[in-house]
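Enquirer: Provided herewith is a single structure, encoded as structure tokens, for subsequent inquiry.
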Amino acid sequence: MCLANANYNGKIWYFVADNIVVEVLMDSPQHITLKLFLQDLNRHLITTLVYAKCSASERLELWEDIYHLSNTLSCSWLIGGDFNVVLNDEEKIWGNPIQPLDIEDFAFCINSCDLEEVNFKGSPFTWWNGRADEACIFERLDRMFVNSLLLDNFGNIEVEHLARTGLDHAPLLCTYGDKHQNLAELVHLEHDDPFINFKSKMKKPKEVLSKWSREVFGDIFKQLIIREEIVRLKEQLFEQNPSQVNRVVLQKAQAETKRYLH
């Protein structure tokens, strides 16, 4: 079970597990800021989800809100989403020239708030305009930032730019800390729990069903990972040479992944 809700204009949606208590701190057309209480970890986390306007003048309101938040928050803070602007010339290829003023406003906001950008893995571009050849444009519009308190409380933060499977934006997957440590904190099992006893009795049927599943369907999770990696490689090929031929190859790989996922 999870909680699903959106900001007041319905542009930003969030989904939260039922073991997390949510309080909305600020709700605007370009972002929604949530105070999350992670019950399993007994920690608070402020999360700002961003969907910025395309116009530089309209984004000024977003920068002001972020600056205001930075001066009022006193706990771990993660801010991320679609900022609709790049931070340097290397984050865009093709299309109209970058306006220096747009970059300066964004950079000034981030620096003034003492936010640190989270390192990423994957393609350097998170958005594609869906076109090929001379009309093709790639940009890095989506990113995440954290404050120093979050790094102190949650450890190392990483973001992976996932494959754009039929989307114009790449989904961002954020992970934190040591994976094994997180599992130890999140999972609590008592050996005298009756569910554990039931689980042990189901071990043999589970082994039989698992064997049958592997023989009939194979490792479906491994197959899905392989198909997602193929899409990622086709994306890289298309980014290097955005021809119509490479676009068709990418779309076929995306379609195959969608069919397998279904």
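Note on naming: chains are A, B, ... as they come in the structure tokens, residues start from 1 per chain, ligands start from 1 in the order shown.
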For region 21-36 of chain A, please output as a PyMOL selection string all residues within 7 Å (counting only C-alpha atoms; exclusion window: fewer than 4 positions along the same chain).

Expert: chain A and resi 7-9+44-53+62

Enquirer: Print the selection's residues with N, CA and C atoms to a file, as a PDB file, in the first residue's frame.

Expert:
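Result written to result_24.pdb:
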```
ATOM      1  N   ASN A   7       0.556  17.977  -6.400  1.00  0.00           N
ATOM      2  CA  ASN A   7       0.485  19.386  -6.026  1.00  0.00           C
ATOM      3  C   ASN A   7      -0.826  19.969  -6.544  1.00  0.00           C
ATOM      4  N   TYR A   8      -1.116  21.221  -6.197  1.00  0.00           N
ATOM      5  CA  TYR A   8      -2.478  21.724  -6.401  1.00  0.00           C
ATOM      6  C   TYR A   8      -2.869  21.866  -7.867  1.00  0.00           C
ATOM      7  N   ASN A   9      -1.902  22.014  -8.794  1.00  0.00           N
ATOM      8  CA  ASN A   9      -2.273  22.096 -10.208  1.00  0.00           C
ATOM      9  C   ASN A   9      -2.147  20.754 -10.932  1.00  0.00           C
ATOM     10  N   HIS A  44      13.709  12.244   9.898  1.00  0.00           N
ATOM     11  CA  HIS A  44      12.950  13.153   9.057  1.00  0.00           C
ATOM     12  C   HIS A  44      13.746  13.480   7.794  1.00  0.00           C
ATOM     13  N   LEU A  45      13.020  13.665   6.706  1.00  0.00           N
ATOM     14  CA  LEU A  45      13.641  14.030   5.433  1.00  0.00           C
ATOM     15  C   LEU A  45      12.725  15.019   4.717  1.00  0.00           C
ATOM     16  N   ILE A  46      13.274  16.161   4.359  1.00  0.00           N
ATOM     17  CA  ILE A  46      12.544  17.135   3.545  1.00  0.00           C
ATOM     18  C   ILE A  46      12.834  16.835   2.079  1.00  0.00           C
ATOM     19  N   THR A  47      11.780  16.698   1.286  1.00  0.00           N
ATOM     20  CA  THR A  47      11.927  16.399  -0.131  1.00  0.00           C
ATOM     21  C   THR A  47      11.176  17.435  -0.951  1.00  0.00           C
ATOM     22  N   THR A  48      11.889  18.071  -1.885  1.00  0.00           N
ATOM     23  CA  THR A  48      11.271  19.037  -2.789  1.00  0.00           C
ATOM     24  C   THR A  48      11.274  18.453  -4.190  1.00  0.00           C
ATOM     25  N   LEU A  49      10.086  18.270  -4.751  1.00  0.00           N
ATOM     26  CA  LEU A  49       9.920  17.727  -6.096  1.00  0.00           C
ATOM     27  C   LEU A  49       9.647  18.876  -7.059  1.00  0.00           C
ATOM     28  N   VAL A  50      10.458  18.964  -8.113  1.00  0.00           N
ATOM     29  CA  VAL A  50      10.462  20.144  -8.988  1.00  0.00           C
ATOM     30  C   VAL A  50       9.961  19.803 -10.381  1.00  0.00           C
ATOM     31  N   TYR A  51       9.123  20.670 -10.910  1.00  0.00           N
ATOM     32  CA  TYR A  51       8.756  20.659 -12.329  1.00  0.00           C
ATOM     33  C   TYR A  51       8.730  22.108 -12.770  1.00  0.00           C
ATOM     34  N   ALA A  52       9.880  22.616 -13.219  1.00  0.00           N
ATOM     35  CA  ALA A  52      10.054  24.046 -13.485  1.00  0.00           C
ATOM     36  C   ALA A  52       9.380  24.465 -14.785  1.00  0.00           C
ATOM     37  N   LYS A  53       9.043  25.745 -14.864  1.00  0.00           N
ATOM     38  CA  LYS A  53       8.468  26.327 -16.065  1.00  0.00           C
ATOM     39  C   LYS A  53       9.532  26.432 -17.158  1.00  0.00           C
ATOM     40  N   LEU A  62      10.442  30.086  -8.750  1.00  0.00           N
ATOM     41  CA  LEU A  62      10.964  28.827  -8.210  1.00  0.00           C
ATOM     42  C   LEU A  62      12.265  29.062  -7.461  1.00  0.00           C
TER      43      LEU A  62
END
```

Enquirer: Hey, what's within 8 Å of region 66-69 of chain A if we count only C-alpha atoms and toss same-chain stuff fewer than 6 positions away? As an mmCIF file with C-alpha atoms, in the first residue's frame, please?

Expert:
```
data_model
loop_
_atom_site.group_PDB
_atom_site.id
_atom_site.type_symbol
_atom_site.label_atom_id
_atom_site.label_comp_id
_atom_site.auth_asym_id
_atom_site.auth_seq_id
_atom_site.Cartn_x
_atom_site.Cartn_y
_atom_site.Cartn_z
ATOM 1 C CA CYS A 109 20.286 29.833 -6.569
ATOM 2 C CA SER A 112 23.377 30.559 -2.435
ATOM 3 C CA CYS A 113 21.523 27.657 -0.828
#
```

Enquirer: What's around Trp128 (chain A) at 6 Å? Count only C-alpha atoms, leave out sequence neighbours fewer than 3 positions away in its own chain, and write the answer as a ChimeraX atom specification.

Expert: /A:137-138,168

Enquirer: Those same residues - N, CA, C and O atoms - I'd like them written as a compact mmCIF listing (two decimals), in the first residue's frame.

Expert:
```txt
# COMPACT_ATOMS: atom_id res chain seq x y z
N ILE A 137 17.61 17.31 -30.38
CA ILE A 137 18.15 18.08 -29.26
C ILE A 137 18.24 17.17 -28.04
O ILE A 137 17.28 16.46 -27.72
N PHE A 138 19.39 17.19 -27.37
CA PHE A 138 19.59 16.50 -26.10
C PHE A 138 19.96 17.53 -25.04
O PHE A 138 20.77 18.43 -25.30
N ASP A 168 10.23 11.08 -23.01
CA ASP A 168 11.18 12.12 -23.42
C ASP A 168 12.19 12.42 -22.32
O ASP A 168 13.29 12.90 -22.58
```

Enquirer: Give me every strand (DSSP E or B) residue in region 129-184 of chain A, going by DSSP on the backbone, as a count of residues only.

Expert: 18

Enquirer: If we count only C-alpha atoms and set the cut-off at 9 Å, which residues sit around Ile98 (chain A), ignoring sequence neighbours fewer than 3 positions away in its own chain? Please answer as a PyMOL selection string.

Expert: chain A and resi 86+88-89+92+95+101-103

Enquirer: Would you give me, as an MDAnalysis selection string, the residues in region 12-253 of chain A that DSSP reads as helix (DSSP H, G or I)?

Expert: chainID A and resid 56:72 89:91 100:112 133:135 148:154 179:186 194:201 203:217 220:240 244:253

Enquirer: Which neighbours of region 236-243 of chain A fall inside 9 Å, counting only C-alpha atoms, when residues of the same chain fewer than 6 positions from it are skipped, and could you give them as a count of residues only?

Expert: 10

Enquirer: Between CA of Leu149 (chain A) and CA of Asp114 (chain A), what is the spacing in Å?

Expert: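 Distance reported for this atom pair: 10.9 Å.
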
Enquirer: Just checking: using only C-alpha atoms, which residue out of A:Asn156, A:Gln99, A:Asn119, A:Thr126 ends up closest to Ala56 (chain A)?

Expert: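 Closest to Ala56 (chain A) of all the choices is A:Gln99.
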